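Trainee: Provided below: input.cif, containing mmCIF, C-alpha atoms and all ligand atoms.
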data_input
#
loop_
_atom_site.label_atom_id
_atom_site.label_comp_id
_atom_site.auth_asym_id
_atom_site.auth_seq_id
_atom_site.Cartn_x
_atom_site.Cartn_y
_atom_site.Cartn_z
CA MET J 13 -7.08 -3.14 -6.73
CA LEU J 14 -3.45 -3.92 -7.49
CA THR J 15 -3.97 -7.36 -9.01
CA GLY J 16 -1.30 -8.14 -11.55
CA LYS J 17 0.59 -4.88 -10.96
CA ARG J 18 4.32 -5.45 -10.89
CA ILE J 19 6.01 -3.37 -8.26
CA VAL J 20 9.71 -3.14 -7.52
CA LEU J 21 10.08 -2.05 -3.90
CA GLY J 22 13.41 -0.43 -3.05
CA VAL J 23 14.29 -0.32 0.63
CA THR J 24 17.16 1.89 1.75
CA GLY J 25 18.98 2.18 5.05
CA GLY J 26 17.09 4.20 7.60
CA ILE J 27 15.44 3.22 10.85
CA ALA J 28 12.09 3.33 9.03
CA ALA J 29 13.20 0.32 6.98
CA TYR J 30 11.20 -1.84 9.39
CA LYS J 31 8.00 -0.21 8.03
CA ALA J 32 8.89 -1.60 4.59
CA ALA J 33 7.75 -4.98 5.90
CA ALA J 34 4.20 -3.72 6.51
CA LEU J 35 4.24 -1.92 3.17
CA CYS J 36 5.41 -5.03 1.32
CA SER J 37 2.74 -7.10 3.05
CA LYS J 38 -0.06 -4.64 2.20
CA LEU J 39 1.00 -4.38 -1.44
CA THR J 40 1.13 -8.16 -1.76
CA GLN J 41 -2.27 -8.52 -0.05
CA ALA J 42 -3.72 -6.00 -2.50
CA GLY J 43 -2.69 -8.34 -5.30
CA ALA J 44 0.58 -6.79 -6.45
CA ASP J 45 3.58 -8.85 -7.52
CA VAL J 46 6.30 -7.28 -5.37
CA ARG J 47 10.04 -7.71 -5.95
CA VAL J 48 12.23 -6.23 -3.24
CA ILE J 49 15.65 -4.66 -3.65
CA MET J 50 17.51 -3.72 -0.46
CA THR J 51 20.61 -1.58 -0.16
CA GLU J 52 23.58 -2.68 1.92
CA SER J 53 22.55 -0.29 4.71
CA ALA J 54 18.90 -1.42 4.66
CA VAL J 55 20.08 -4.94 5.43
CA LYS J 56 21.58 -3.60 8.68
CA PHE J 57 18.08 -2.55 9.83
CA ILE J 58 15.86 -5.40 8.63
CA ALA J 59 16.57 -8.95 7.51
CA PRO J 60 16.07 -9.73 3.80
CA LEU J 61 14.34 -12.94 4.91
CA THR J 62 11.45 -10.87 6.34
CA LEU J 63 10.81 -9.23 2.96
CA GLN J 64 11.41 -12.49 1.12
CA VAL J 65 8.67 -14.20 3.13
CA LEU J 66 6.27 -11.26 2.76
CA SER J 67 6.85 -10.80 -0.99
CA ARG J 68 7.25 -14.53 -1.66
CA HIS J 69 10.23 -13.79 -3.88
CA ALA J 70 13.96 -13.75 -3.29
CA VAL J 71 15.24 -10.34 -2.22
CA TYR J 72 17.95 -8.62 -4.27
CA THR J 73 20.83 -7.00 -2.41
CA ASP J 74 23.88 -7.45 -4.64
CA THR J 75 24.15 -6.49 -8.31
CA PHE J 76 26.64 -9.28 -8.92
CA ALA J 77 24.88 -12.11 -7.10
CA GLU J 78 22.96 -13.30 -10.14
CA GLN J 79 20.29 -15.77 -9.07
CA ASP J 80 19.22 -16.87 -12.54
CA PRO J 81 21.85 -17.37 -15.27
CA ALA J 82 19.19 -16.82 -17.95
CA VAL J 83 18.79 -13.12 -17.12
CA VAL J 84 20.72 -10.05 -15.95
CA SER J 85 18.85 -9.30 -12.72
CA HIS J 86 18.89 -5.49 -12.67
CA ILE J 87 17.74 -5.29 -16.30
CA ASP J 88 15.14 -7.98 -15.75
CA LEU J 89 13.76 -6.15 -12.70
CA ALA J 90 13.94 -2.78 -14.46
CA ASP J 91 11.86 -4.14 -17.35
CA HIS J 92 9.53 -6.04 -15.05
CA ALA J 93 8.35 -2.99 -13.10
CA ASP J 94 5.04 -1.22 -13.71
CA LEU J 95 6.07 1.03 -10.82
CA ILE J 96 9.15 1.47 -8.68
CA VAL J 97 8.44 2.39 -5.06
CA ILE J 98 11.33 3.44 -2.83
CA ALA J 99 10.36 3.42 0.84
CA PRO J 100 12.04 4.50 2.97
CA ALA J 101 14.27 6.64 0.77
CA THR J 102 17.34 8.17 2.42
CA ALA J 103 19.02 11.45 1.45
CA ASN J 104 21.74 9.30 -0.11
CA ILE J 105 19.47 7.48 -2.59
CA LEU J 106 17.80 10.79 -3.53
CA ALA J 107 21.23 12.23 -4.39
CA LYS J 108 22.22 9.15 -6.34
CA LEU J 109 19.02 9.13 -8.37
CA ALA J 110 19.17 12.87 -9.02
CA TYR J 111 22.68 12.53 -10.46
CA GLY J 112 22.25 9.22 -12.25
CA MET J 113 24.67 7.20 -10.13
CA ALA J 114 24.48 3.44 -10.38
CA ASP J 115 26.71 1.83 -7.76
CA ASP J 116 24.42 -0.77 -6.22
CA MET J 117 21.51 -3.01 -7.17
CA LEU J 118 18.81 -0.42 -6.43
CA SER J 119 20.35 2.61 -8.15
CA THR J 120 21.40 0.49 -11.13
CA THR J 121 17.91 -0.96 -11.54
CA VAL J 122 16.26 2.47 -11.29
CA LEU J 123 18.62 3.91 -13.89
CA ALA J 124 17.91 1.00 -16.24
CA SER J 125 14.15 1.34 -15.90
CA THR J 126 11.61 3.49 -17.71
CA ALA J 127 8.93 2.75 -15.10
CA PRO J 128 7.38 5.58 -13.09
CA ILE J 129 8.89 6.15 -9.66
CA LEU J 130 7.22 6.86 -6.34
CA ILE J 131 9.47 7.85 -3.45
CA ALA J 132 8.67 8.03 0.27
CA PRO J 133 11.58 9.82 1.95
CA ALA J 134 12.46 9.43 5.62
CA MET J 135 15.29 11.15 7.42
CA ASN J 136 16.26 13.61 10.13
CA VAL J 137 14.41 16.94 9.85
CA HIS J 138 17.59 18.95 9.19
CA MET J 139 18.63 16.53 6.46
CA TYR J 140 15.15 16.76 4.92
CA GLU J 141 15.29 20.54 4.92
CA HIS J 142 18.89 20.75 3.67
CA PRO J 143 19.10 22.72 0.41
CA ALA J 144 20.97 19.82 -1.23
CA VAL J 145 18.15 17.39 -0.43
CA ARG J 146 15.47 19.92 -1.46
CA SER J 147 17.16 20.57 -4.77
CA ASN J 148 17.65 16.85 -5.47
CA MET J 149 13.94 16.28 -4.79
CA GLU J 150 12.99 19.20 -7.04
CA LEU J 151 15.20 17.85 -9.81
CA LEU J 152 13.61 14.41 -9.49
CA ALA J 153 10.10 15.93 -9.35
CA SER J 154 10.80 17.89 -12.53
CA ARG J 155 11.52 14.54 -14.22
CA GLY J 156 8.17 13.18 -13.11
CA VAL J 157 9.18 11.34 -9.94
CA ARG J 158 6.30 11.46 -7.42
CA PHE J 159 6.77 11.79 -3.68
CA VAL J 160 4.80 10.67 -0.66
CA GLU J 161 5.71 13.39 1.81
CA PRO J 162 7.08 12.36 5.19
CA GLY J 163 5.00 13.12 8.26
CA SER J 164 5.91 15.36 11.18
CA GLY J 165 6.40 14.23 14.74
CA LEU J 166 8.99 12.74 17.03
CA LEU J 167 11.75 11.28 14.89
CA ALA J 168 13.80 8.25 15.85
CA CYS J 169 16.87 10.51 16.14
CA GLY J 170 15.16 12.43 18.97
CA TYR J 171 14.26 15.53 16.99
CA VAL J 172 10.69 16.70 16.48
CA GLY J 173 9.94 17.74 12.91
CA LYS J 174 9.28 16.57 9.39
CA GLY J 175 11.03 13.43 8.25
CA ARG J 176 9.03 10.47 9.53
CA LEU J 177 8.22 7.95 6.81
CA ALA J 178 4.60 8.19 5.64
CA GLU J 179 2.50 5.36 7.07
CA PRO J 180 2.39 2.20 4.90
CA GLU J 181 -1.39 2.73 4.33
CA GLU J 182 -0.67 6.18 2.91
CA ILE J 183 2.00 4.81 0.58
CA VAL J 184 -0.34 2.03 -0.60
CA GLU J 185 -2.98 4.72 -1.23
CA ALA J 186 -0.49 6.69 -3.35
CA VAL J 187 0.29 3.50 -5.30
CA ARG J 188 -3.44 2.95 -5.90
CA ALA J 189 -3.91 6.57 -6.96
CA HIS J 190 -1.01 6.17 -9.38
CA PHE J 191 -2.61 3.19 -11.13
CA ASP J 192 -6.07 4.82 -11.11
CA GLN J 193 -4.57 7.91 -12.70
CA ARG J 194 -3.03 5.83 -15.45
CA ARG J 195 -6.48 5.11 -16.84
CA LEU J 196 -7.88 8.65 -16.67
CA LEU J 197 -7.23 9.48 -20.32
CA ALA J 198 -6.94 5.96 -21.73
CA GLY J 199 -7.61 5.92 -25.46
CA LYS J 200 -7.96 9.73 -25.69
CA ARG J 201 -6.12 11.72 -28.32
CA VAL J 202 -4.56 14.81 -26.79
CA LEU J 203 -3.09 17.72 -28.74
CA ILE J 204 -0.90 20.17 -26.82
CA THR J 205 0.95 23.30 -27.91
CA ALA J 206 4.10 24.35 -26.10
CA GLY J 207 6.83 26.98 -26.16
CA GLY J 208 7.02 30.46 -27.62
CA THR J 209 6.48 31.15 -31.29
CA VAL J 210 9.25 32.80 -33.33
CA GLU J 211 8.43 35.48 -35.89
CA ARG J 212 11.36 36.09 -38.23
CA ILE J 213 12.53 39.58 -39.17
CA ASP J 214 15.44 38.30 -41.28
CA PRO J 215 17.54 35.10 -41.30
CA VAL J 216 19.27 35.97 -38.00
CA ARG J 217 16.74 38.07 -36.09
CA TYR J 218 13.32 37.33 -34.71
CA LEU J 219 10.60 38.31 -32.26
CA THR J 220 9.74 35.82 -29.56
CA ASN J 221 8.71 35.68 -25.88
CA ASP J 222 9.79 34.18 -22.57
CA SER J 223 7.86 30.91 -22.79
CA SER J 224 10.13 27.95 -21.93
CA GLY J 225 7.83 25.14 -23.07
CA LYS J 226 8.18 23.43 -19.68
CA MET J 227 4.47 23.68 -18.77
CA GLY J 228 3.35 22.28 -22.12
CA TYR J 229 5.84 19.40 -21.92
CA ALA J 230 4.79 18.65 -18.32
CA ILE J 231 1.17 18.40 -19.48
CA ALA J 232 2.25 16.15 -22.34
CA ALA J 233 4.14 13.79 -20.02
CA ALA J 234 1.24 13.71 -17.56
CA ALA J 235 -1.28 12.98 -20.35
CA ARG J 236 0.97 10.18 -21.64
CA ASP J 237 1.11 8.70 -18.14
CA MET J 238 -2.69 8.80 -17.97
CA GLY J 239 -2.90 6.60 -21.05
CA ALA J 240 -3.47 9.24 -23.75
CA GLN J 241 -2.01 9.30 -27.23
CA VAL J 242 -0.21 12.64 -27.19
CA THR J 243 0.98 15.05 -29.88
CA VAL J 244 2.81 18.25 -29.00
CA VAL J 245 3.09 21.07 -31.49
CA ALA J 246 6.23 22.73 -30.14
CA ALA J 247 7.53 26.18 -30.95
CA ARG J 248 10.82 27.50 -29.49
CA THR J 249 11.72 25.65 -26.30
CA MET J 250 14.90 24.72 -24.45
CA ALA J 251 13.10 22.09 -22.37
CA GLU J 252 13.77 18.40 -22.88
CA ALA J 253 10.94 16.74 -24.81
CA PRO J 254 9.28 13.88 -22.91
CA SER J 255 9.62 10.42 -24.43
CA GLY J 256 6.71 8.45 -25.83
CA ILE J 257 4.90 11.37 -27.45
CA GLU J 258 4.81 12.75 -30.98
CA ILE J 259 6.57 16.11 -31.36
CA VAL J 260 5.76 18.34 -34.32
CA ARG J 261 7.93 21.44 -34.70
CA ALA J 262 6.27 24.73 -35.62
CA GLU J 263 8.27 27.94 -35.50
CA SER J 264 5.81 30.75 -36.19
CA ALA J 265 2.17 31.37 -35.28
CA SER J 266 1.12 30.49 -38.82
CA ASP J 267 3.18 27.25 -38.77
CA MET J 268 1.50 26.40 -35.47
CA LEU J 269 -1.92 27.20 -36.86
CA ALA J 270 -1.39 24.81 -39.81
CA ALA J 271 0.00 22.05 -37.57
CA VAL J 272 -2.84 22.37 -35.06
CA LEU J 273 -5.67 22.69 -37.59
CA SER J 274 -4.57 19.57 -39.48
CA ARG J 275 -4.80 17.55 -36.26
CA PHE J 276 -7.80 19.20 -34.64
CA ASP J 277 -10.56 16.97 -36.03
CA ASP J 278 -8.97 13.84 -34.57
CA ALA J 279 -8.35 15.30 -31.12
CA ASP J 280 -10.48 14.67 -28.04
CA LEU J 281 -8.67 17.28 -25.96
CA VAL J 282 -6.61 20.33 -26.94
CA VAL J 283 -4.48 22.21 -24.42
CA LYS J 284 -2.99 25.45 -25.77
CA ALA J 285 -0.10 26.10 -23.43
CA ALA J 286 2.02 27.84 -26.09
CA ALA J 287 2.67 31.58 -25.95
CA VAL J 288 1.71 32.62 -29.45
CA ALA J 289 2.87 35.92 -30.95
CA ASP J 290 0.06 38.39 -31.52
CA TYR J 291 2.07 40.28 -34.16
CA ARG J 292 4.61 39.37 -36.83
CA PRO J 293 6.76 41.55 -39.10
CA VAL J 294 4.88 42.49 -42.28
CA ILE J 295 8.03 41.77 -44.29
CA LYS J 296 10.26 38.78 -43.58
CA HIS J 297 13.57 39.79 -45.21
CA SER J 298 15.40 37.02 -47.00
CA GLU J 299 18.81 38.66 -46.44
CA LYS J 300 20.24 40.04 -43.19
CA LEU J 301 19.07 43.64 -42.74
CA LYS J 302 21.76 46.34 -42.86
CA LYS J 303 21.82 49.58 -40.93
CA SER J 304 20.76 52.58 -42.96
CA GLY J 305 20.52 56.32 -42.48
CA ASP J 306 22.55 58.55 -40.17
CA ASP J 307 23.91 57.61 -36.77
CA GLY J 308 21.06 57.84 -34.30
CA ALA J 309 18.38 57.38 -36.97
CA ALA J 310 15.47 55.30 -35.68
CA MET J 311 14.19 52.23 -37.45
CA THR J 312 10.55 51.26 -37.71
CA LEU J 313 9.46 47.65 -37.86
CA GLN J 314 5.99 47.27 -39.20
CA LEU J 315 3.95 44.48 -37.64
CA GLU J 316 0.68 42.81 -38.53
CA ARG J 317 -1.65 40.66 -36.46
CA THR J 318 -1.24 36.89 -36.44
CA GLU J 319 -4.20 34.53 -36.45
CA ASP J 320 -5.63 33.71 -33.03
CA ILE J 321 -5.34 29.93 -33.14
CA LEU J 322 -7.34 29.27 -29.99
CA GLN J 323 -10.16 31.51 -31.13
CA LEU J 324 -10.33 29.66 -34.45
CA LEU J 325 -10.43 26.33 -32.63
CA GLY J 326 -13.20 27.67 -30.37
CA GLU J 327 -15.25 28.54 -33.47
CA ARG J 328 -14.64 25.16 -35.09
CA LYS J 329 -14.84 22.78 -32.17
CA GLN J 330 -17.26 19.87 -32.38
CA GLY J 331 -17.05 18.10 -29.09
CA GLN J 332 -13.32 18.62 -28.53
CA PHE J 333 -12.54 19.72 -25.00
CA LEU J 334 -10.64 23.00 -25.32
CA VAL J 335 -8.29 24.41 -22.69
CA GLY J 336 -6.44 27.72 -23.00
CA PHE J 337 -3.83 29.49 -20.93
CA ALA J 338 -3.80 33.09 -19.80
CA ALA J 339 -0.41 34.32 -18.67
CA GLU J 340 -0.98 37.72 -17.11
CA THR J 341 0.83 40.29 -15.00
CA GLU J 342 -2.28 42.00 -13.60
CA ALA J 343 -6.07 41.54 -13.24
CA LEU J 344 -5.69 37.77 -13.73
CA GLU J 345 -9.31 36.77 -13.21
CA ARG J 346 -10.76 39.49 -15.46
CA HIS J 347 -8.35 38.75 -18.33
CA ALA J 348 -8.67 34.98 -17.95
CA MET J 349 -12.49 35.09 -17.96
CA ASP J 350 -12.47 37.42 -20.95
CA LYS J 351 -10.23 35.02 -22.92
CA LEU J 352 -12.29 31.99 -21.89
CA GLU J 353 -15.42 33.59 -23.27
CA ARG J 354 -13.87 35.16 -26.37
CA LYS J 355 -12.10 31.95 -27.38
CA GLN J 356 -14.95 29.62 -26.31
CA CYS J 357 -12.71 27.46 -24.13
CA ASP J 358 -14.09 24.88 -21.73
CA LEU J 359 -11.44 25.81 -19.18
CA ILE J 360 -8.72 28.42 -18.97
CA VAL J 361 -5.62 28.17 -16.82
CA GLY J 362 -4.61 31.54 -15.45
CA ASN J 363 -1.24 32.34 -13.99
CA ASP J 364 0.31 35.55 -12.80
CA VAL J 365 3.70 35.29 -14.50
CA SER J 366 5.10 38.12 -12.39
CA ALA J 367 4.62 36.16 -9.13
CA GLU J 368 7.59 34.40 -7.52
CA GLY J 369 7.40 30.65 -8.20
CA ALA J 370 5.05 31.08 -11.19
CA GLY J 371 5.56 31.65 -14.85
CA PHE J 372 7.82 30.82 -17.70
CA HIS J 373 11.31 29.69 -16.80
CA GLY J 374 11.04 27.95 -13.45
CA ASP J 375 10.03 24.38 -12.69
CA THR J 376 7.06 25.48 -10.57
CA ASN J 377 3.82 27.30 -11.24
CA ILE J 378 0.91 28.82 -9.32
CA VAL J 379 -2.36 28.61 -11.27
CA THR J 380 -6.07 29.17 -11.00
CA VAL J 381 -8.39 27.30 -13.35
CA TYR J 382 -11.62 28.95 -14.54
CA ASP J 383 -14.72 27.76 -16.32
CA LYS J 384 -17.53 29.96 -17.56
CA ARG J 385 -18.90 30.33 -14.04
CA GLY J 386 -15.60 31.48 -12.52
CA ALA J 387 -12.68 29.93 -10.60
CA VAL J 388 -12.99 26.15 -10.17
CA ALA J 389 -9.57 25.33 -8.71
CA SER J 390 -6.72 27.33 -7.27
CA TRP J 391 -3.50 25.57 -6.32
CA PRO J 392 -0.48 26.69 -4.30
CA GLN J 393 3.01 26.70 -5.77
CA LEU J 394 3.57 23.23 -7.23
CA SER J 395 5.99 21.61 -9.64
CA LYS J 396 4.82 22.03 -13.21
CA ARG J 397 4.36 18.28 -13.36
CA GLU J 398 2.07 18.35 -10.31
CA VAL J 399 0.10 21.22 -11.86
CA ALA J 400 -0.19 19.12 -15.03
CA ASP J 401 -1.42 16.07 -13.10
CA ARG J 402 -4.06 18.04 -11.21
CA LEU J 403 -5.16 19.93 -14.30
CA LEU J 404 -5.56 16.75 -16.36
CA ALA J 405 -7.41 14.99 -13.54
CA LEU J 406 -9.85 17.93 -13.49
CA ILE J 407 -10.16 17.88 -17.29
CA ALA J 408 -10.65 14.10 -17.39
CA GLU J 409 -13.46 14.35 -14.83
CA ARG J 410 -15.20 17.06 -16.88
CA MET J 411 -14.78 15.14 -20.12
CA GLU J 412 -16.31 12.09 -18.50
CA ARG J 413 -19.17 14.12 -17.06
CA ARG J 414 -19.83 15.57 -20.50
CA ALA J 415 -19.71 12.14 -22.15
CA GLY J 416 -22.24 11.04 -19.54
CA GLY J 417 -24.57 13.79 -20.68
CA ALA J 418 -24.06 16.34 -17.89
CA SER J 419 -23.58 20.00 -18.82
N1 LIG J 501 -3.38 32.10 -28.41
C1 LIG J 501 -3.48 31.57 -29.69
N2 LIG J 501 -3.15 32.33 -30.78
C2 LIG J 501 -2.74 33.60 -30.63
C3 LIG J 501 -2.63 34.17 -29.34
C4 LIG J 501 -2.96 33.37 -28.26
O1 LIG J 501 -3.84 30.41 -29.81
N3 LIG J 501 -2.43 34.31 -31.70
C5 LIG J 501 -3.76 31.25 -27.28
C6 LIG J 501 -2.61 30.90 -26.35
O2 LIG J 501 -2.02 29.67 -26.73
C7 LIG J 501 -3.31 30.81 -24.99
C8 LIG J 501 -4.45 31.78 -25.09
O3 LIG J 501 -4.69 31.99 -26.51
O4 LIG J 501 -3.86 29.54 -24.77
C9 LIG J 501 -4.24 33.11 -24.45
O5 LIG J 501 -3.03 33.67 -24.94
P1 LIG J 501 -2.64 35.15 -24.55
O6 LIG J 501 -1.39 35.53 -25.31
O7 LIG J 501 -2.61 35.27 -23.06
O8 LIG J 501 -3.92 35.93 -25.07
P2 LIG J 501 -4.21 36.97 -26.20
O9 LIG J 501 -5.50 36.58 -26.82
O10 LIG J 501 -3.04 37.11 -27.10
O11 LIG J 501 -4.50 38.28 -25.36
P3 LIG J 501 -3.57 39.51 -24.95
O12 LIG J 501 -2.35 39.47 -25.80
O13 LIG J 501 -4.45 40.68 -25.21
O14 LIG J 501 -3.30 39.30 -23.48
#
What does the file become when written as structure tokens?

Mentor:
Amino acid sequence: MLTGKRIVLGVTGGIAAYKAAALCSKLTQAGADVRVIMTESAVKFIAPLTLQVLSRHAVYTDTFAEQDPAVVSHIDLADHADLIVIAPATANILAKLAYGMADDMLSTTVLASTAPILIAPAMNVHMYEHPAVRSNMELLASRGVRFVEPGSGLLACGYVGKGRLAEPEEIVEAVRAHFDQRRLLAGKRVLITAGGTVERIDPVRYLTNDSSGKMGYAIAAAARDMGAQVTVVAARTMAEAPSGIEIVRAESASDMLAAVLSRFDDADLVVKAAAVADYRPVIKHSEKLKKSGDDGAAMTLQLERTEDILQLLGERKQGQFLVGFAAETEALERHAMDKLERKQCDLIVGNDVSAEGAGFHGDTNIVTVYDKRGAVASWPQLSKREVADRLLALIAERMERRAGGAS
């Protein structure tokens, strides 16, 4: 299953470091090429020789102990990795990775690498629940780092609680799932809209909405990681665009319509995560508007309807898989189902944007996915990236089923 996969295994200094030996052995047996990096503290718990024998490669512990003059080791390892696995990961390495520190071989290699990262934390229960650790993990998760949650039970420190390193079999399973997922959308062309549209009143004023673009970008990054060729048509967003995807800027609903329509025929999947204005000012003034009339006089802004992009796509689709979003503050299911039908979507993702942990600005979301028969999946509060992964896995399965001839 893992034949030819190049894995860099980072081992940090906790009592669970001994389990890294079993993990390394299982990864190697599954066919992976494993290169081990140990921190100074990890070496106090388990001998590098153990991991050297199990991985059949020299173990890296010191950034400056270059073993091969032809290469710079941390860059070589960083480029070599298809996946970086850190198990066990201490609170210390989580903090270092969250803040971009590079003061040893492991942190330097991770910072120099563009490979995906899978982390299996292990620590005392109070450390694991500390707000600093939680926020470092959330920050890392928002950048696409995946976690294998620790288990609960009696910890080596004597406490009972969450913090025990996941079993090596579970970590290997997560590694397998990662590589399986990377093929889910291989060769597919995915078009995503993100952010909130901007409808100009004059050169300095506009109408917009609360959309942050984070959900759309998370879906784009997840689709890229599943092997798709991704284009995002992005309206106003403060979020950082993921690398490795094409970004097309579109300010207004009509800009977005043009950008989406010109790419629609070539797309296999379209996900409309953008919050598109339903109305725009009838007149877009070319000069800044001045006050007029008496003090206290009201001003009327006349608005007209914009085009419903998703509805147009629904009318034109020829085999494209179409997914819409319904951000609501009440009667989620009724509104979502109504939009699904009206806009002829294959799936619609509903979220109650007034709920804590869901909606526009945060890094988490709580969604229910509907098809024409009703709710098909409902997930608890998850990082937007995790929502994106689950949503795309569901979409990929349906696309495959459809390609296989099922309804
Ligand atoms: N949408 C669109 N073009 C529009 C309005 C919405 O493409 N002019 C898309 C959004 O990208 C989203 C879905 O339609 O995928 C639902 O958007 P929403 O604003 O919730 O729906 P509306 O149809 O505008 O319904 P309402 O404003 O009545 O809630």

Trainee: With all atoms of ligand LIG 501 (chain J) from the file as input, state the centre and edge lengths in Å to one decimal of the axis-aligned box that has 6 Å extra on each side, as AutoDock Vina command-line options.

Mentor:
--center_x -3.4 --center_y 35.1 --center_z -27.4 --size_x 16.1 --size_y 23.1 --size_z 20.6

Trainee: Pick out the residues no farther than 10 Å from ligand LIG 501 (chain J), counting only C-alpha atoms and all ligand atoms, and list them as a count of residues only.

Mentor: 51

Trainee: Using only C-alpha atoms, which of J:Thr380, J:Thr51, J:Pro133, J:Gly374 sits nearest J:Arg146?

Mentor: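 Among J:Thr380, J:Thr51, J:Pro133, J:Gly374, it is J:Pro133 that comes nearest to J:Arg146.
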
Trainee: When you look at J:Leu203 with a cut-off of 8 Å (counting only C-alpha atoms), what residues show up, excluding the ones that are within fewer than 4 positions of it in the same chain? I need them as a list in words.

Mentor: Val242, Thr243, Val244, Val245, Val272, Arg275, Phe276, Ala279, Leu281, Val282 and Val283 of chain J

Trainee: Would you mind listing what lies within 6 Å of J:Leu315 as a list of chain:residue names, with all atoms listed in the file counted and same-chain residues fewer than 6 positions away left out?

Mentor: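 Selected residues are J:Tyr291, J:Arg292, J:Pro293, J:Val294.
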
Trainee: Looking at all atoms listed in the file, which of J:Ile49, J:Ala124, J:Ala28, J:Ala235 is the one that sits closest to J:Gln193?

Mentor: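 Smallest separation from J:Gln193 among the options: J:Ala235.
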
Trainee: Select from stretch 140-199 of chain J every residue with an atom at most 8 Å from any atom of stretch 390-399 of chain J, then for each give the shortest pair of atoms and their distance in Å to one decimal, using all atoms listed in the file, rows by chain and rising number, as JSON lines.

Mentor:
{"residue": "J:Glu150", "atom": "CA", "partner": "J:Ser395", "partner_atom": "CA", "distance": 7.8}
{"residue": "J:Ala153", "atom": "CA", "partner": "J:Ser395", "partner_atom": "CA", "distance": 7.0}
{"residue": "J:Ser154", "atom": "CA", "partner": "J:Arg397", "partner_atom": "CA", "distance": 6.5}
{"residue": "J:Gly156", "atom": "CA", "partner": "J:Arg397", "partner_atom": "CA", "distance": 6.4}

Trainee: Can you pull out every residue within 8 Å of J:Thr40, counting all atoms listed in the file, but drop anything in the same chain fewer than 4 positions away, and send it as a PDB file with C-alpha atoms, keeping the file's coordinate frame?

Mentor:
ATOM      1  CA  CYS J  36       5.410  -5.030   1.320  1.00  0.00           C
ATOM      2  CA  ALA J  44       0.580  -6.790  -6.450  1.00  0.00           C
ATOM      3  CA  ASP J  45       3.580  -8.850  -7.520  1.00  0.00           C
ATOM      4  CA  VAL J  46       6.300  -7.280  -5.370  1.00  0.00           C
ATOM      5  CA  LEU J  66       6.270 -11.260   2.760  1.00  0.00           C
ATOM      6  CA  SER J  67       6.850 -10.800  -0.990  1.00  0.00           C
TER       7      SER J  67
END

Trainee: Go through J:Ala110, J:Leu130, J:Met50, J:Ala90 and flag the residue nearest J:Val160, using all atoms listed in the file for the distances.

Mentor: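 With all atoms listed in the file as the atom set, the closest residue is J:Leu130.
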
Trainee: Counting only C-alpha atoms, which of J:Ala310, J:Met238, J:Val145, J:Ala247 gets nearest to J:Asp222?

Mentor: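 Among the listed residues, J:Ala247 lies closest to J:Asp222.
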
Trainee: When distances are computed from all atoms listed in the file, which of J:Glu345, J:Asp401, J:Glu141, J:Glu368 shows the smallest separation from J:Ala387?

Mentor: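 Closest to J:Ala387, using all atoms listed in the file: J:Glu345.
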
Trainee: What is the distance, in Å and to one decimal place, between atom CA of J:Asp116 and atom CA of J:Ala93?

Mentor: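 Pair atom CA of J:Asp116 / atom CA of J:Ala93 returns 17.6 Å.
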
Trainee: Please report the interatomic distance between atom CA of J:Gln314 and atom CA of J:Ser223 in Å with one decimal.

Mentor: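 Going from atom CA of J:Gln314 over to atom CA of J:Ser223, I get 23.2 Å.
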
Trainee: When you count all atoms listed in the file, which of these residues is closest to J:Gly225: J:Val97, J:Gly371, J:Arg194, J:Asp277?

Mentor: J:Gly371

Trainee: So the first atom is atom CA of J:Met135 and the second is atom CA of J:His86; what is the distance between them in Å, to one decimal place?

Mentor: 26.3 Å

Trainee: Give as an MDAnalysis selection string every residue, naming chains and numbers as the document does, that has an atom within 12 Å of (12.1, -10.3, 8.5), counting all atoms listed in the file.

Mentor: chainID J and resid 29:34 36:37 54:67 71

Trainee: Extract, using only C-alpha atoms, all DNA, RNA and protein residues at most 12 Å from J:Ala114, discarding same-chain residues fewer than 4 positions from it, and format them as a PDB file with C-alpha atoms, in the coordinates of the input.

Mentor:
ATOM      1  CA  THR J  75      24.150  -6.490  -8.310  1.00  0.00           C
ATOM      2  CA  HIS J  86      18.890  -5.490 -12.670  1.00  0.00           C
ATOM      3  CA  ILE J 105      19.470   7.480  -2.590  1.00  0.00           C
ATOM      4  CA  ALA J 107      21.230  12.230  -4.390  1.00  0.00           C
ATOM      5  CA  LYS J 108      22.220   9.150  -6.340  1.00  0.00           C
ATOM      6  CA  LEU J 109      19.020   9.130  -8.370  1.00  0.00           C
ATOM      7  CA  ALA J 110      19.170  12.870  -9.020  1.00  0.00           C
ATOM      8  CA  LEU J 118      18.810  -0.420  -6.430  1.00  0.00           C
ATOM      9  CA  SER J 119      20.350   2.610  -8.150  1.00  0.00           C
ATOM     10  CA  THR J 120      21.400   0.490 -11.130  1.00  0.00           C
ATOM     11  CA  THR J 121      17.910  -0.960 -11.540  1.00  0.00           C
ATOM     12  CA  VAL J 122      16.260   2.470 -11.290  1.00  0.00           C
ATOM     13  CA  LEU J 123      18.620   3.910 -13.890  1.00  0.00           C
ATOM     14  CA  ALA J 124      17.910   1.000 -16.240  1.00  0.00           C
ATOM     15  CA  SER J 125      14.150   1.340 -15.900  1.00  0.00           C
TER      16      SER J 125
END

Trainee: Take the point (1.2, 10.2, -27.8) as written in the file and pick out every residue within 8 Å of it, counting all atoms listed in the file; give the list as a compact mmCIF listing (two decimals) with C-alpha atoms, in the frame of the given file.

Mentor:
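Contents of point21.txt, freshly written:
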# COMPACT_ATOMS: atom_id res chain seq x y z
CA ARG J 201 -6.12 11.72 -28.32
CA VAL J 202 -4.56 14.81 -26.79
CA ARG J 236 0.97 10.18 -21.64
CA ALA J 240 -3.47 9.24 -23.75
CA GLN J 241 -2.01 9.30 -27.23
CA VAL J 242 -0.21 12.64 -27.19
CA THR J 243 0.98 15.05 -29.88
CA GLY J 256 6.71 8.45 -25.83
CA ILE J 257 4.90 11.37 -27.45
CA GLU J 258 4.81 12.75 -30.98
